[in-house]
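A.B. asks: Below you'll find the structure I mean.
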Amino acid sequence: MAGPVTSARQALALWLEHLAKERRASPRTVEAYAFAGGRYINFLEQHRGEALSLSAMGTLTAGEVRAWLAYLRQGDKPLSPRSLSQSLSAIRTFHRFLDRRMDTPNAAIALVRGPRVRPGAPRPVTEDQARGMMAEPSLDPDREDWEASRDEAVLTLLYGCGLRISEALSLKRSDAPLPESLRILGKGSKTRIVPVLPAVREAIDIYLADVPFVLSPDEPLFRAKRGGPLSPRHVQATVQKLRGRLGLPDSATPHALRHSFATHLLGAGADLRSIQELLGHASLSTTQRYTEVDAEALLSAYAKAHPHA
């Protein structure tokens, strides 16, 4: 962008470019953040009765941000508490960018709390929620790029291959680049073969290109910030943070990604026996607990297939 940045809209455009090019956010994520940011600036300009300058972004009060949330809650198309939480998360990310890149801090944003989101019943995350969880690490300005790549790679393994946390973190440097299938040693020393999707392989390749440490073949593939092996607790804490940013229920855990792997496969037509093998379950009854296809999908299939529907 030629010339100095003087308006909030110019800063918004730079932020979106940063998300797309530096953070490698997906087009869908950039589009969602562009919508949230544009709506935020539109409201504030109407609220103040003037175009919003970059410097004005540093003078916004907590009351003005709360007024924006109230507007979203009570407008023509009111947002749910979860959608409000997601919008606020996007705006907080925008303000962190303004602080770090545009030298325009605003401490008032930290004073604004999002709406309380009621925890849902334990269930797999949806496909869109899974994509959001895998994309969100790259949008966190508090992490270095290689850490974001690492977290995205781990979460992609959990969802794309149906791995447990311990199984994903047991991979060695010699396992990558990943082949077309992985031999996984699971619970009870039970070995299974898991196909590797191109998206999983790509996520691992990006992490390997970014990681700043030189790893010997027999060392753990995933590394913590100071170079030691990545711990399961870190993965759990990362997902907990993502839940807050995305407005997801407490049931959206790392294990829920494995759960979703099974549920989405069943919903796409895979049979239970195949899913049992992919998950490494000794009993088919265990697999059945993983495959709760949501009621809406079942009713839709019933309505299309039953002769009396």
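The chains in the structure tokens are called A, B, ... from first to last as shown; in each chain the residues are counted from 1, and the ligands are counted from 1 in the order shown.
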Env of Leu215 in chain A: 10 Å cut, atoms = only C-alpha atoms, seq-sep filter 5 positions within chain, self excluded. Answer as a PDB file with all heavy atoms, in the first residue's frame.

C.D. replies:
ATOM      1  N   LYS A 172       8.567 -39.570  14.960  1.00  0.00           N
ATOM      2  CA  LYS A 172       9.970 -39.166  14.956  1.00  0.00           C
ATOM      3  C   LYS A 172      10.290 -38.334  13.713  1.00  0.00           C
ATOM      4  O   LYS A 172       9.532 -38.329  12.740  1.00  0.00           O
ATOM      5  CB  LYS A 172      10.872 -40.411  14.969  1.00  0.00           C
ATOM      6  CG  LYS A 172      10.615 -41.362  16.127  1.00  0.00           C
ATOM      7  CD  LYS A 172      10.969 -40.735  17.466  1.00  0.00           C
ATOM      8  CE  LYS A 172      10.827 -41.759  18.591  1.00  0.00           C
ATOM      9  NZ  LYS A 172      11.088 -41.158  19.912  1.00  0.00           N
ATOM     10  N   ARG A 173      11.436 -37.670  13.769  1.00  0.00           N
ATOM     11  CA  ARG A 173      11.865 -36.890  12.604  1.00  0.00           C
ATOM     12  C   ARG A 173      12.008 -37.778  11.364  1.00  0.00           C
ATOM     13  O   ARG A 173      11.711 -37.349  10.237  1.00  0.00           O
ATOM     14  CB  ARG A 173      13.190 -36.187  12.907  1.00  0.00           C
ATOM     15  CG  ARG A 173      13.806 -35.438  11.725  1.00  0.00           C
ATOM     16  CD  ARG A 173      12.872 -34.337  11.219  1.00  0.00           C
ATOM     17  NE  ARG A 173      13.380 -33.666  10.031  1.00  0.00           N
ATOM     18  CZ  ARG A 173      13.145 -34.067   8.785  1.00  0.00           C
ATOM     19  NH1 ARG A 173      12.417 -35.177   8.572  1.00  0.00           N
ATOM     20  NH2 ARG A 173      13.615 -33.385   7.761  1.00  0.00           N
ATOM     21  N   SER A 174      12.392 -39.030  11.596  1.00  0.00           N
ATOM     22  CA  SER A 174      12.574 -39.952  10.467  1.00  0.00           C
ATOM     23  C   SER A 174      11.258 -40.343   9.806  1.00  0.00           C
ATOM     24  O   SER A 174      11.253 -40.887   8.699  1.00  0.00           O
ATOM     25  CB  SER A 174      13.296 -41.214  10.938  1.00  0.00           C
ATOM     26  OG  SER A 174      12.573 -41.835  11.994  1.00  0.00           O
ATOM     27  N   LEU A 208       8.012 -28.489   9.007  1.00  0.00           N
ATOM     28  CA  LEU A 208       9.429 -28.840   8.868  1.00  0.00           C
ATOM     29  C   LEU A 208      10.231 -27.710   8.229  1.00  0.00           C
ATOM     30  O   LEU A 208      11.398 -27.493   8.569  1.00  0.00           O
ATOM     31  CB  LEU A 208       9.564 -30.108   8.026  1.00  0.00           C
ATOM     32  CG  LEU A 208       9.202 -31.417   8.727  1.00  0.00           C
ATOM     33  CD1 LEU A 208       9.239 -32.582   7.741  1.00  0.00           C
ATOM     34  CD2 LEU A 208      10.142 -31.687   9.895  1.00  0.00           C
ATOM     35  N   PRO A 220      11.964 -36.787  18.616  1.00  0.00           N
ATOM     36  CA  PRO A 220      10.545 -36.481  18.370  1.00  0.00           C
ATOM     37  C   PRO A 220      10.399 -35.400  17.304  1.00  0.00           C
ATOM     38  O   PRO A 220      11.150 -34.429  17.278  1.00  0.00           O
ATOM     39  CB  PRO A 220      10.039 -36.003  19.731  1.00  0.00           C
ATOM     40  CG  PRO A 220      10.952 -36.643  20.724  1.00  0.00           C
ATOM     41  CD  PRO A 220      12.296 -36.696  20.058  1.00  0.00           C
ATOM     42  N   LEU A 221       9.419 -35.572  16.456  1.00  0.00           N
ATOM     43  CA  LEU A 221       9.195 -34.635  15.354  1.00  0.00           C
ATOM     44  C   LEU A 221       8.740 -33.265  15.860  1.00  0.00           C
ATOM     45  O   LEU A 221       9.204 -32.230  15.373  1.00  0.00           O
ATOM     46  CB  LEU A 221       8.147 -35.225  14.401  1.00  0.00           C
ATOM     47  CG  LEU A 221       7.694 -34.358  13.229  1.00  0.00           C
ATOM     48  CD1 LEU A 221       8.861 -34.045  12.303  1.00  0.00           C
ATOM     49  CD2 LEU A 221       6.568 -35.055  12.457  1.00  0.00           C
ATOM     50  N   PHE A 222       7.846 -33.252  16.837  1.00  0.00           N
ATOM     51  CA  PHE A 222       7.252 -31.988  17.287  1.00  0.00           C
ATOM     52  C   PHE A 222       8.000 -31.453  18.506  1.00  0.00           C
ATOM     53  O   PHE A 222       8.166 -32.169  19.507  1.00  0.00           O
ATOM     54  CB  PHE A 222       5.768 -32.179  17.594  1.00  0.00           C
ATOM     55  CG  PHE A 222       4.964 -32.514  16.375  1.00  0.00           C
ATOM     56  CD1 PHE A 222       4.418 -33.782  16.206  1.00  0.00           C
ATOM     57  CD2 PHE A 222       4.769 -31.578  15.370  1.00  0.00           C
ATOM     58  CE1 PHE A 222       3.688 -34.100  15.075  1.00  0.00           C
ATOM     59  CE2 PHE A 222       4.033 -31.879  14.235  1.00  0.00           C
ATOM     60  CZ  PHE A 222       3.500 -33.149  14.084  1.00  0.00           C
ATOM     61  N   ARG A 223       8.421 -30.167  18.412  1.00  0.00           N
ATOM     62  CA  ARG A 223       9.277 -29.576  19.429  1.00  0.00           C
ATOM     63  C   ARG A 223       8.586 -28.428  20.145  1.00  0.00           C
ATOM     64  O   ARG A 223       7.795 -27.684  19.559  1.00  0.00           O
ATOM     65  CB  ARG A 223      10.569 -29.037  18.799  1.00  0.00           C
ATOM     66  CG  ARG A 223      11.204 -29.969  17.800  1.00  0.00           C
ATOM     67  CD  ARG A 223      11.505 -31.327  18.388  1.00  0.00           C
ATOM     68  NE  ARG A 223      12.564 -31.286  19.382  1.00  0.00           N
ATOM     69  CZ  ARG A 223      13.007 -32.336  20.057  1.00  0.00           C
ATOM     70  NH1 ARG A 223      12.443 -33.522  19.864  1.00  0.00           N
ATOM     71  NH2 ARG A 223      13.983 -32.209  20.926  1.00  0.00           N
ATOM     72  N   GLY A 227      12.885 -26.158  22.325  1.00  0.00           N
ATOM     73  CA  GLY A 227      13.559 -27.241  21.624  1.00  0.00           C
ATOM     74  C   GLY A 227      13.305 -28.626  22.163  1.00  0.00           C
ATOM     75  O   GLY A 227      13.674 -29.609  21.523  1.00  0.00           O
TER      76      GLY A 227
END

A.B. asks: Using only C-alpha atoms, can you tell me which of A:Val239, A:Leu44, A:Ile204, A:Ile165 comes closest to Gly186 in chain A?

C.D. replies: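 Smallest distance to Gly186 in chain A is found for A:Ile165.
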
A.B. asks: Within 12 Å of Ala67 in chain A, counting only C-alpha atoms, which residues qualify if same-chain residues fewer than 3 places away don't, as a ChimeraX atom specification?

C.D. replies: /A:40,43-44,46-48,60-64,70-75,112

A.B. asks: Could you give me the residues within range 29-192 of chain A that DSSP places in helix (DSSP H, G or I), as JSON, numbers by chain?

C.D. replies: {"A": [29, 30, 31, 32, 33, 34, 35, 36, 37, 38, 39, 40, 41, 42, 43, 44, 45, 46, 47, 48, 55, 56, 57, 58, 62, 63, 64, 65, 66, 67, 68, 69, 70, 71, 72, 73, 74, 81, 82, 83, 84, 85, 86, 87, 88, 89, 90, 91, 92, 93, 94, 95, 96, 97, 98, 99, 100, 101, 107, 108, 109, 110, 111, 127, 128, 129, 130, 131, 132, 133, 134, 135, 136, 137, 138, 139, 145, 146, 147, 148, 149, 150, 151, 152, 153, 154, 155, 156, 157, 158, 159, 160, 161, 165, 166, 167, 168, 169, 173, 174, 175, 187, 188, 189]}
